[in-house]
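Structure data (TSV, C-alpha atoms and all ligand atoms) from work34.tsv:
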chain	number	residue	atom	x	y	z
A	557	MET	CA	69.23	-83.62	-77.60
A	558	ALA	CA	67.45	-86.76	-76.47
A	559	LYS	CA	63.93	-86.25	-75.17
A	560	VAL	CA	64.07	-86.37	-71.41
A	561	GLU	CA	61.13	-88.03	-69.68
A	562	ARG	CA	60.67	-85.70	-66.78
A	563	PRO	CA	58.35	-86.55	-63.93
A	564	LEU	CA	54.95	-84.89	-64.27
A	565	SER	CA	52.82	-83.18	-61.67
A	566	PRO	CA	49.84	-85.30	-60.69
A	567	HIS	CA	46.73	-84.66	-62.78
A	568	LEU	CA	44.37	-83.28	-60.18
A	569	GLY	CA	41.34	-84.17	-62.30
A	570	VAL	CA	41.71	-87.89	-61.69
A	571	TYR	CA	41.78	-87.60	-57.92
A	572	ARG	CA	38.68	-88.22	-55.86
A	573	PHE	CA	37.70	-85.56	-53.32
A	574	GLN	CA	40.01	-85.36	-50.35
A	575	ILE	CA	39.52	-82.98	-47.46
A	576	THR	CA	43.26	-82.28	-47.25
A	577	MET	CA	43.62	-80.93	-50.78
A	578	THR	CA	40.44	-78.88	-50.43
A	579	MET	CA	41.69	-77.22	-47.24
A	580	SER	CA	45.02	-76.55	-48.90
A	581	ILE	CA	43.63	-74.69	-51.90
A	582	LEU	CA	41.07	-72.88	-49.74
A	583	HIS	CA	43.90	-71.51	-47.61
A	584	ARG	CA	45.36	-69.89	-50.71
A	585	ILE	CA	41.99	-68.68	-52.04
A	586	THR	CA	40.97	-67.14	-48.70
A	587	GLY	CA	44.43	-65.57	-48.32
A	588	VAL	CA	44.15	-63.83	-51.69
A	589	GLY	CA	40.50	-62.95	-51.03
A	590	LEU	CA	41.37	-61.39	-47.69
A	591	GLY	CA	44.11	-59.47	-49.48
A	592	LEU	CA	41.43	-57.89	-51.67
A	593	GLY	CA	39.41	-57.30	-48.50
A	594	THR	CA	42.14	-54.98	-47.22
A	595	LEU	CA	40.85	-52.50	-49.80
A	596	LEU	CA	37.55	-52.37	-47.93
A	597	MET	CA	39.41	-51.91	-44.65
A	598	ALA	CA	41.41	-49.08	-46.23
A	599	TRP	CA	38.25	-47.40	-47.49
A	600	TRP	CA	36.66	-47.68	-44.05
A	601	LEU	CA	39.71	-46.19	-42.28
A	602	ILE	CA	40.18	-43.38	-44.79
A	603	ALA	CA	36.47	-42.52	-44.62
A	604	LEU	CA	36.74	-42.48	-40.84
A	605	ALA	CA	39.59	-39.98	-41.12
A	606	MET	CA	37.66	-37.84	-43.65
A	607	GLY	CA	34.54	-37.30	-41.60
A	608	PRO	CA	30.89	-38.24	-41.03
A	609	GLY	CA	29.79	-37.88	-44.69
A	610	PRO	CA	32.27	-40.31	-46.24
A	611	PHE	CA	31.94	-42.63	-43.23
A	612	ASP	CA	28.15	-42.85	-43.52
A	613	LEU	CA	28.56	-43.74	-47.18
A	614	VAL	CA	30.74	-46.75	-46.27
A	615	GLN	CA	28.30	-47.82	-43.57
A	616	ASP	CA	25.40	-47.54	-46.05
A	617	VAL	CA	27.16	-49.60	-48.71
A	618	VAL	CA	28.32	-52.22	-46.22
A	619	SER	CA	24.91	-52.62	-44.59
A	620	GLY	CA	23.05	-53.11	-47.89
A	621	TRP	CA	22.27	-56.69	-48.91
A	622	PHE	CA	25.23	-56.87	-51.27
A	623	GLY	CA	27.55	-55.32	-48.71
A	624	ARG	CA	26.40	-57.85	-46.13
A	625	LEU	CA	27.01	-60.69	-48.56
A	626	VAL	CA	30.56	-59.45	-49.15
A	627	LEU	CA	31.12	-59.03	-45.41
A	628	LEU	CA	29.83	-62.55	-44.80
A	629	GLY	CA	32.33	-63.81	-47.36
A	630	PHE	CA	35.16	-61.96	-45.65
A	631	THR	CA	34.09	-63.22	-42.22
A	632	ALA	CA	34.01	-66.84	-43.37
A	633	SER	CA	37.33	-66.43	-45.21
A	634	LEU	CA	39.01	-64.89	-42.20
A	635	VAL	CA	37.67	-67.52	-39.79
A	636	PHE	CA	38.70	-70.33	-42.12
A	637	HIS	CA	42.18	-68.86	-42.76
A	638	PHE	CA	42.59	-68.28	-39.01
A	639	PHE	CA	41.83	-71.87	-37.98
A	640	ASN	CA	43.56	-73.45	-40.94
A	641	GLY	CA	46.50	-71.15	-40.25
A	642	ILE	CA	46.73	-72.67	-36.77
A	643	ARG	CA	46.70	-76.06	-38.47
A	644	HIS	CA	49.62	-74.95	-40.66
A	645	LEU	CA	51.51	-73.61	-37.66
A	646	ALA	CA	50.99	-76.91	-35.83
A	647	TRP	CA	52.54	-78.81	-38.75
A	648	ASP	CA	55.44	-76.35	-38.70
A	649	VAL	CA	56.33	-77.46	-35.19
A	650	GLY	CA	55.91	-81.09	-36.22
A	651	LEU	CA	52.44	-81.78	-34.85
A	652	GLY	CA	49.57	-83.57	-36.55
A	653	PHE	CA	51.31	-85.10	-39.57
A	654	ALA	CA	49.70	-88.56	-39.43
A	655	LEU	CA	47.18	-88.84	-42.26
A	656	PRO	CA	44.16	-89.68	-40.08
A	657	THR	CA	45.01	-86.70	-37.86
A	658	MET	CA	45.35	-84.47	-40.91
A	659	ARG	CA	41.91	-85.48	-42.16
A	660	ALA	CA	40.37	-85.05	-38.72
A	661	SER	CA	41.91	-81.60	-38.25
A	662	GLY	CA	40.73	-80.64	-41.74
A	663	TRP	CA	37.12	-81.49	-40.91
A	664	THR	CA	37.49	-79.76	-37.56
A	665	VAL	CA	38.55	-76.56	-39.32
A	666	ALA	CA	35.58	-76.87	-41.70
A	667	ALA	CA	33.15	-77.28	-38.80
A	668	LEU	CA	34.73	-74.47	-36.76
A	669	THR	CA	34.53	-72.15	-39.74
A	670	VAL	CA	30.77	-72.65	-40.05
A	671	ILE	CA	30.14	-72.43	-36.29
A	672	VAL	CA	32.35	-69.43	-35.52
A	673	THR	CA	31.21	-67.49	-38.61
A	674	ALA	CA	27.60	-68.05	-37.51
A	675	LEU	CA	28.40	-66.97	-33.94
A	676	ILE	CA	30.08	-63.77	-35.14
A	677	TRP	CA	27.03	-62.87	-37.24
A	678	ILE	CA	24.63	-63.68	-34.46
A	679	ALA	CA	26.68	-61.42	-32.20
A	680	GLY	CA	26.67	-58.71	-34.86
A	681	TYR	CA	22.92	-58.81	-35.31
A	682	SER	CA	22.30	-58.78	-31.57
A	683	MET	CA	24.62	-55.73	-31.28
A	684	ARG	CA	22.37	-53.93	-33.73
A	685	GLY	CA	19.33	-55.01	-31.82
A	686	ILE	CA	17.70	-56.46	-34.94
B	308	MET	CA	84.32	-82.37	-51.90
B	309	SER	CA	81.70	-79.69	-52.05
B	310	LEU	CA	81.72	-77.30	-54.97
B	311	ARG	CA	80.15	-74.57	-52.88
B	312	SER	CA	82.48	-71.89	-51.66
B	313	PRO	CA	83.01	-71.79	-47.91
B	314	ILE	CA	81.37	-68.37	-47.68
B	315	ALA	CA	78.22	-69.59	-49.47
B	316	ARG	CA	78.00	-72.50	-47.08
B	317	ALA	CA	78.57	-70.28	-44.09
B	318	ARG	CA	75.75	-68.01	-45.19
B	319	GLY	CA	73.61	-71.07	-45.84
B	320	LEU	CA	71.15	-69.23	-48.01
B	321	GLY	CA	70.43	-72.04	-50.49
B	322	SER	CA	68.64	-71.72	-53.80
B	323	ALA	CA	66.01	-69.33	-52.45
B	324	LYS	CA	68.83	-66.78	-51.95
B	325	GLU	CA	67.46	-65.71	-48.62
B	326	GLY	CA	67.57	-68.89	-46.57
B	327	THR	CA	64.61	-69.49	-44.31
B	328	GLY	CA	63.96	-65.77	-43.79
B	329	HIS	CA	60.81	-65.56	-45.88
B	330	TRP	CA	59.30	-68.69	-44.32
B	331	TRP	CA	60.13	-67.58	-40.82
B	332	HIS	CA	58.76	-64.06	-41.27
B	333	GLN	CA	55.51	-65.48	-42.60
B	334	ARG	CA	55.17	-67.65	-39.47
B	335	VAL	CA	55.98	-64.78	-37.09
B	336	SER	CA	53.48	-62.51	-38.82
B	337	ALA	CA	50.88	-65.32	-38.68
B	338	VAL	CA	51.31	-65.77	-34.92
B	339	ALA	CA	51.06	-62.03	-34.33
B	340	LEU	CA	47.94	-61.89	-36.51
B	341	LEU	CA	46.27	-64.63	-34.45
B	342	ALA	CA	45.90	-62.28	-31.49
B	343	LEU	CA	45.45	-59.03	-33.43
B	344	VAL	CA	42.72	-60.44	-35.67
B	345	VAL	CA	40.69	-61.63	-32.67
B	346	TRP	CA	40.97	-58.16	-31.16
B	347	PHE	CA	39.98	-56.55	-34.48
B	348	VAL	CA	36.93	-58.77	-35.04
B	349	VAL	CA	35.70	-58.19	-31.48
B	350	SER	CA	36.20	-54.43	-31.92
B	351	LEU	CA	34.31	-54.38	-35.21
B	352	LEU	CA	31.47	-56.30	-33.56
B	353	MET	CA	31.28	-53.67	-30.83
B	354	LEU	CA	31.14	-51.02	-33.55
B	355	THR	CA	28.37	-52.71	-35.54
B	356	GLY	CA	26.09	-49.98	-36.83
B	357	ALA	CA	28.11	-47.29	-35.02
B	358	ASP	CA	27.96	-43.71	-36.25
B	359	TRP	CA	31.03	-41.68	-37.14
B	360	ALA	CA	31.42	-40.10	-33.69
B	361	THR	CA	31.46	-43.49	-31.94
B	362	ALA	CA	33.81	-45.08	-34.46
B	363	SER	CA	36.30	-42.20	-34.50
B	364	GLY	CA	36.10	-42.03	-30.71
B	365	TRP	CA	37.12	-45.67	-30.62
B	366	LEU	CA	40.08	-45.13	-32.93
B	367	SER	CA	41.16	-41.95	-31.08
B	368	ASN	CA	41.85	-44.11	-28.07
B	369	LYS	CA	45.66	-44.45	-28.13
B	370	VAL	CA	45.63	-48.14	-27.24
B	371	ASN	CA	43.22	-48.92	-30.05
B	372	ALA	CA	45.22	-46.79	-32.48
B	373	GLY	CA	48.43	-48.58	-31.46
B	374	LEU	CA	46.91	-52.04	-31.87
B	375	MET	CA	45.42	-50.98	-35.20
B	376	LEU	CA	48.87	-49.86	-36.41
B	377	LEU	CA	50.37	-53.17	-35.28
B	378	LEU	CA	47.63	-55.04	-37.11
B	379	ILE	CA	48.27	-53.02	-40.27
B	380	VAL	CA	52.03	-53.65	-40.17
B	381	PHE	CA	51.75	-57.42	-39.63
B	382	LEU	CA	48.78	-57.85	-41.95
B	383	PHE	CA	50.32	-56.14	-44.96
B	384	TYR	CA	53.68	-57.79	-44.37
B	385	HIS	CA	52.01	-61.22	-44.12
B	386	LEU	CA	49.98	-60.44	-47.23
B	387	LYS	CA	53.05	-59.36	-49.20
B	388	LEU	CA	54.93	-62.53	-48.24
B	389	GLY	CA	51.89	-64.68	-49.04
B	390	LEU	CA	51.13	-63.12	-52.42
B	391	GLN	CA	54.83	-63.42	-53.28
B	392	VAL	CA	54.59	-67.22	-52.96
B	393	VAL	CA	51.41	-67.28	-55.05
B	394	ILE	CA	53.07	-65.22	-57.80
B	395	GLU	CA	56.22	-67.35	-57.73
B	396	ASP	CA	54.02	-70.44	-58.16
B	397	TYR	CA	51.85	-69.23	-61.04
B	398	VAL	CA	53.71	-66.54	-62.96
B	399	HIS	CA	56.37	-67.95	-65.23
B	400	GLY	CA	58.96	-66.10	-67.21
B	401	GLU	CA	61.49	-64.05	-65.31
B	402	ALA	CA	60.40	-60.63	-66.61
B	403	MET	CA	56.69	-61.12	-65.92
B	404	LYS	CA	57.51	-62.54	-62.51
B	405	ILE	CA	59.66	-59.59	-61.51
B	406	VAL	CA	57.12	-57.06	-62.79
B	407	SER	CA	54.28	-58.83	-60.94
B	408	LEU	CA	56.28	-58.99	-57.74
B	409	LEU	CA	57.14	-55.30	-57.94
B	410	LEU	CA	53.55	-54.26	-58.62
B	411	MET	CA	52.25	-56.49	-55.83
B	412	SER	CA	54.80	-55.23	-53.29
B	413	GLY	CA	54.09	-51.66	-54.28
B	414	ALA	CA	50.34	-52.18	-53.92
B	415	CYS	CA	50.72	-53.75	-50.46
B	416	LEU	CA	52.95	-50.90	-49.38
B	417	ALA	CA	50.60	-48.25	-50.78
B	418	VAL	CA	47.40	-49.67	-49.27
B	419	GLY	CA	49.14	-50.40	-45.97
B	420	LEU	CA	50.56	-46.89	-45.81
B	421	ALA	CA	47.16	-45.37	-46.62
B	422	CYS	CA	45.62	-47.38	-43.76
B	423	ALA	CA	48.35	-46.35	-41.33
B	424	LEU	CA	48.09	-42.65	-42.26
B	425	ALA	CA	44.32	-42.77	-41.82
B	426	VAL	CA	44.74	-44.26	-38.32
B	427	LEU	CA	47.34	-41.65	-37.38
B	428	ASP	CA	45.09	-38.90	-38.70
B	429	VAL	CA	42.16	-40.03	-36.58
B	430	ALA	CA	44.30	-40.63	-33.49
B	431	PHE	CA	46.50	-37.54	-33.64
B	432	GLY	CA	45.01	-35.24	-36.30
B	433	GLY	CA	43.20	-32.04	-35.38
C	701	LIG	C1	44.24	-64.55	-38.73
C	701	LIG	C2	45.49	-64.85	-38.60
C	701	LIG	C3	46.25	-65.50	-39.73
C	701	LIG	C4	46.97	-66.63	-39.62
C	701	LIG	C5	47.15	-67.49	-38.38
C	701	LIG	C6	47.56	-66.90	-40.91
C	701	LIG	C7	48.39	-67.96	-41.20
C	701	LIG	C8	48.98	-68.22	-42.40
C	701	LIG	C9	49.96	-69.25	-42.65
C	701	LIG	C10	50.52	-70.22	-41.62
C	701	LIG	C11	50.29	-69.20	-43.96
C	701	LIG	C12	51.28	-70.08	-44.70
C	701	LIG	C13	50.58	-71.22	-45.35
C	701	LIG	C14	51.50	-72.15	-46.09
C	701	LIG	O1	52.50	-72.58	-45.53
C	701	LIG	O2	51.20	-72.47	-47.26
C	701	LIG	C15	49.50	-68.14	-44.56
C	701	LIG	C16	49.52	-67.79	-45.90
C	701	LIG	C17	48.87	-66.72	-46.42
C	701	LIG	N1	48.10	-65.78	-45.74
C	701	LIG	FE1	47.62	-65.87	-43.80
C	701	LIG	N2	47.17	-65.93	-41.81
C	701	LIG	C18	46.37	-65.04	-41.12
C	701	LIG	C19	45.76	-63.92	-41.63
C	701	LIG	C20	45.85	-63.51	-42.96
C	701	LIG	C21	45.22	-62.33	-43.49
C	701	LIG	C22	44.37	-61.34	-42.69
C	701	LIG	C23	45.53	-62.29	-44.83
C	701	LIG	C24	45.18	-61.27	-45.88
C	701	LIG	C25	45.12	-59.99	-45.70
C	701	LIG	C26	46.36	-63.44	-45.13
C	701	LIG	C27	46.87	-63.76	-46.38
C	701	LIG	C28	47.65	-64.85	-46.66
C	701	LIG	C29	48.14	-65.19	-47.98
C	701	LIG	C30	47.89	-64.43	-49.28
C	701	LIG	C31	48.91	-66.36	-47.82
C	701	LIG	C32	49.64	-67.14	-48.92
C	701	LIG	C33	48.80	-68.32	-49.35
C	701	LIG	C34	49.56	-69.36	-50.12
C	701	LIG	O3	50.79	-69.31	-50.24
C	701	LIG	O4	48.90	-70.26	-50.62
C	701	LIG	N3	46.52	-64.16	-43.96
C	701	LIG	N4	48.71	-67.55	-43.59
Translate this file's structure into structure tokens.
Amino acid sequence: MAKVERPLSPHLGVYRFQITMTMSILHRITGVGLGLGTLLMAWWLIALAMGPGPFDLVQDVVSGWFGRLVLLGFTASLVFHFFNGIRHLAWDVGLGFALPTMRASGWTVAALTVIVTALIWIAGYSMRGI
Amino acid sequence: MSLRSPIARARGLGSAKEGTGHWWHQRVSAVALLALVVWFVVSLLMLTGADWATASGWLSNKVNAGLMLLLIVFLFYHLKLGLQVVIEDYVHGEAMKIVSLLLMSGACLAVGLACALAVLDVAFGG
């Protein structure tokens, strides 16, 4: 059979940085990351059902420095996926397809992720009174 | 002349075999999650550093338990649909793909069910 010259996928390595492609892959990475995060949610809920002992253990692990780092990661992932999800939903109804708009909304999501993640943690720390 | 049988065209399911169902369900679950996730994050903030009595008191409230169950249903459904796309993109070979999809769906179902049972236990258990 003759060799067929099929079209190739673009080689991502030769592309310069673009906000659009970064947002796109981050949506997938945060989605999968949050999926793993459901295990933590499950542990928390099951411990809550089991009683004070198991529950305190979760609270101890989560409030240690490593636990906080993980929680910070989940917060940022969720906030990013939330705002970028709205961006996806807007495209689905036909809004915001022009390239300049797409870049602007991408940067907006990036900025909102940083700001809202910070606000949530500030709120969390002030709840604790620390 | 189309080579597709009239019934296939009437069903309009295309090469994905399920039409736009998957896509649509992912959007519906995403919209539901928008509201539920805000509620969940605010609730967790209120529970920052809470002891067991406070936290289980919160989840014993029937409204909170109901919203938590809704969140669990939409979240694990959205996750299953999302991970399905990821697997279909990266896992090649029909056998591996089917095995991965089955394991992933089973895991989502199992973890989701465990979460739901825990909520029901706190809300309605002795
Ligand atoms: C907070 C509300 C959320 C919204 C608005 C949202 C929105 C979306 C949307 C619109 C998509 C489709 C993206 C596309 O077309 O490629 C998507 C994909 C996905 N979401 Fe969410 N989502 C939310 C929460 C979550 C949560 C909590 C999880 C995990 C537990 C999650 C996991 C995923 C995964 C794994 C995908 C597939 C990613 C991909 O195909 O690249 N999402 N989400």
Using all atoms listed in the file, which protein or nucleic acid residues come within 10 Å of Phe611 (chain A)? Drop anything in the same chain fewer than 5 positions from it, and give the result as an MDAnalysis selection string.
(chainID A and resid 599:606 616) or (chainID B and resid 358:360 362:363)
Write out as number ranges by chain which residues come within 8 Å of region 671-679 of chain A when counting only C-alpha atoms, dropping same-chain ones fewer than 2 positions away.
A: 631-632, 635, 667-669, 681-683; B: 352
Choose the residue, out of A:Leu634, A:Arg562, A:Asp612, A:Leu627, that has the smallest atom-to-atom separation from ligand LIG 701 (chain C); count only C-alpha atoms and all ligand atoms.
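Comparing A:Leu634, A:Arg562, A:Asp612, A:Leu627 against ligand LIG 701 (chain C), the winner is A:Leu634.
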Which distance in Å separates atom O4 of ligand LIG 701 (chain C) and CA of Leu390 (chain B), to one decimal?
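Those two atoms sit 7.7 Å apart.
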When you draw a straight line from atom C15 of ligand LIG 701 (chain C) to CA of Ala337 (chain B), how long is it in Å?
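Going from atom C15 of ligand LIG 701 (chain C) over to CA of Ala337 (chain B) covers 6.7 Å.
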With all atoms listed in the file as the atoms that count, which of B:Phe431, B:Phe347, B:Phe383, B:Tyr397 lies nearest to ligand LIG 701 (chain C)?
B:Phe383
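The interatomic distance for the pair CA of Phe630 (chain A) and CA of Leu590 (chain A) works out to 6.6 Å.
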Please return as a compact mmCIF listing (two decimals) with C-alpha atoms, in the frame of the given file the residues found within 9 Å of ligand LIG 701 (chain C), counting only C-alpha atoms and all ligand atoms.
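Listing of part_1.txt after writing:
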# COMPACT_ATOMS: atom_id res chain seq x y z
CA SER A 580 45.02 -76.55 -48.90
CA ILE A 581 43.63 -74.69 -51.90
CA LEU A 582 41.07 -72.88 -49.74
CA HIS A 583 43.90 -71.51 -47.61
CA ARG A 584 45.36 -69.89 -50.71
CA ILE A 585 41.99 -68.68 -52.04
CA THR A 586 40.97 -67.14 -48.70
CA GLY A 587 44.43 -65.57 -48.32
CA VAL A 588 44.15 -63.83 -51.69
CA GLY A 589 40.50 -62.95 -51.03
CA LEU A 590 41.37 -61.39 -47.69
CA GLY A 591 44.11 -59.47 -49.48
CA LEU A 592 41.43 -57.89 -51.67
CA GLY A 593 39.41 -57.30 -48.50
CA THR A 594 42.14 -54.98 -47.22
CA LEU A 634 39.01 -64.89 -42.20
CA VAL A 635 37.67 -67.52 -39.79
CA PHE A 636 38.70 -70.33 -42.12
CA HIS A 637 42.18 -68.86 -42.76
CA PHE A 638 42.59 -68.28 -39.01
CA PHE A 639 41.83 -71.87 -37.98
CA ASN A 640 43.56 -73.45 -40.94
CA GLY A 641 46.50 -71.15 -40.25
CA ILE A 642 46.73 -72.67 -36.77
CA ARG A 643 46.70 -76.06 -38.47
CA HIS A 644 49.62 -74.95 -40.66
CA LEU A 645 51.51 -73.61 -37.66
CA ALA A 646 50.99 -76.91 -35.83
CA ASP A 648 55.44 -76.35 -38.70
CA TRP B 330 59.30 -68.69 -44.32
CA GLN B 333 55.51 -65.48 -42.60
CA ARG B 334 55.17 -67.65 -39.47
CA VAL B 335 55.98 -64.78 -37.09
CA SER B 336 53.48 -62.51 -38.82
CA ALA B 337 50.88 -65.32 -38.68
CA VAL B 338 51.31 -65.77 -34.92
CA ALA B 339 51.06 -62.03 -34.33
CA LEU B 340 47.94 -61.89 -36.51
CA LEU B 341 46.27 -64.63 -34.45
CA ALA B 342 45.90 -62.28 -31.49
CA LEU B 343 45.45 -59.03 -33.43
CA VAL B 344 42.72 -60.44 -35.67
CA VAL B 345 40.69 -61.63 -32.67
CA PHE B 381 51.75 -57.42 -39.63
CA LEU B 382 48.78 -57.85 -41.95
CA PHE B 383 50.32 -56.14 -44.96
CA TYR B 384 53.68 -57.79 -44.37
CA HIS B 385 52.01 -61.22 -44.12
CA LEU B 386 49.98 -60.44 -47.23
CA LYS B 387 53.05 -59.36 -49.20
CA LEU B 388 54.93 -62.53 -48.24
CA GLY B 389 51.89 -64.68 -49.04
CA LEU B 390 51.13 -63.12 -52.42
CA GLN B 391 54.83 -63.42 -53.28
CA VAL B 392 54.59 -67.22 -52.96
CA VAL B 393 51.41 -67.28 -55.05
CA ILE B 394 53.07 -65.22 -57.80
CA ASP B 396 54.02 -70.44 -58.16
My list of candidates is A:Gly609, A:Gly623, A:Gly662, A:Gly629. Which is closest to chain B when distances are computed with all atoms listed in the file?
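Of A:Gly609, A:Gly623, A:Gly662, A:Gly629, the one nearest chain B is A:Gly609, counting all atoms listed in the file.
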So, with only C-alpha atoms as the atoms that count, which of A:Pro656, A:Gly620, A:Pro608, A:Gly650 lies closest to chain B?
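Checking each of A:Pro656, A:Gly620, A:Pro608, A:Gly650 against chain B, counting only C-alpha atoms, the winner is A:Pro608.
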Restricting the calculation to all atoms listed in the file, which member of A:Leu596, A:Phe653, A:Ala660, A:Glu561 is positioned closest to chain B?
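Closest to chain B, using all atoms listed in the file: A:Leu596.
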For chain A, which residue among B:Val370, B:Thr355, B:Gly328, B:Met411 is the nearest when counting only C-alpha atoms?
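The closest residue to chain A is B:Thr355.
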Applying 8 Å and all atoms listed in the file, which residues near Ala430 (chain B) remain after dropping the ones on its own chain fewer than 4 positions away? List them as a PDB file with C-alpha atoms, in the frame of the given file.
ATOM      1  CA  LEU B 366      40.080 -45.130 -32.930  1.00  0.00           C
ATOM      2  CA  SER B 367      41.160 -41.950 -31.080  1.00  0.00           C
ATOM      3  CA  ASN B 368      41.850 -44.110 -28.070  1.00  0.00           C
ATOM      4  CA  LYS B 369      45.660 -44.450 -28.130  1.00  0.00           C
ATOM      5  CA  ALA B 372      45.220 -46.790 -32.480  1.00  0.00           C
ATOM      6  CA  VAL B 426      44.740 -44.260 -38.320  1.00  0.00           C
TER       7      VAL B 426
END
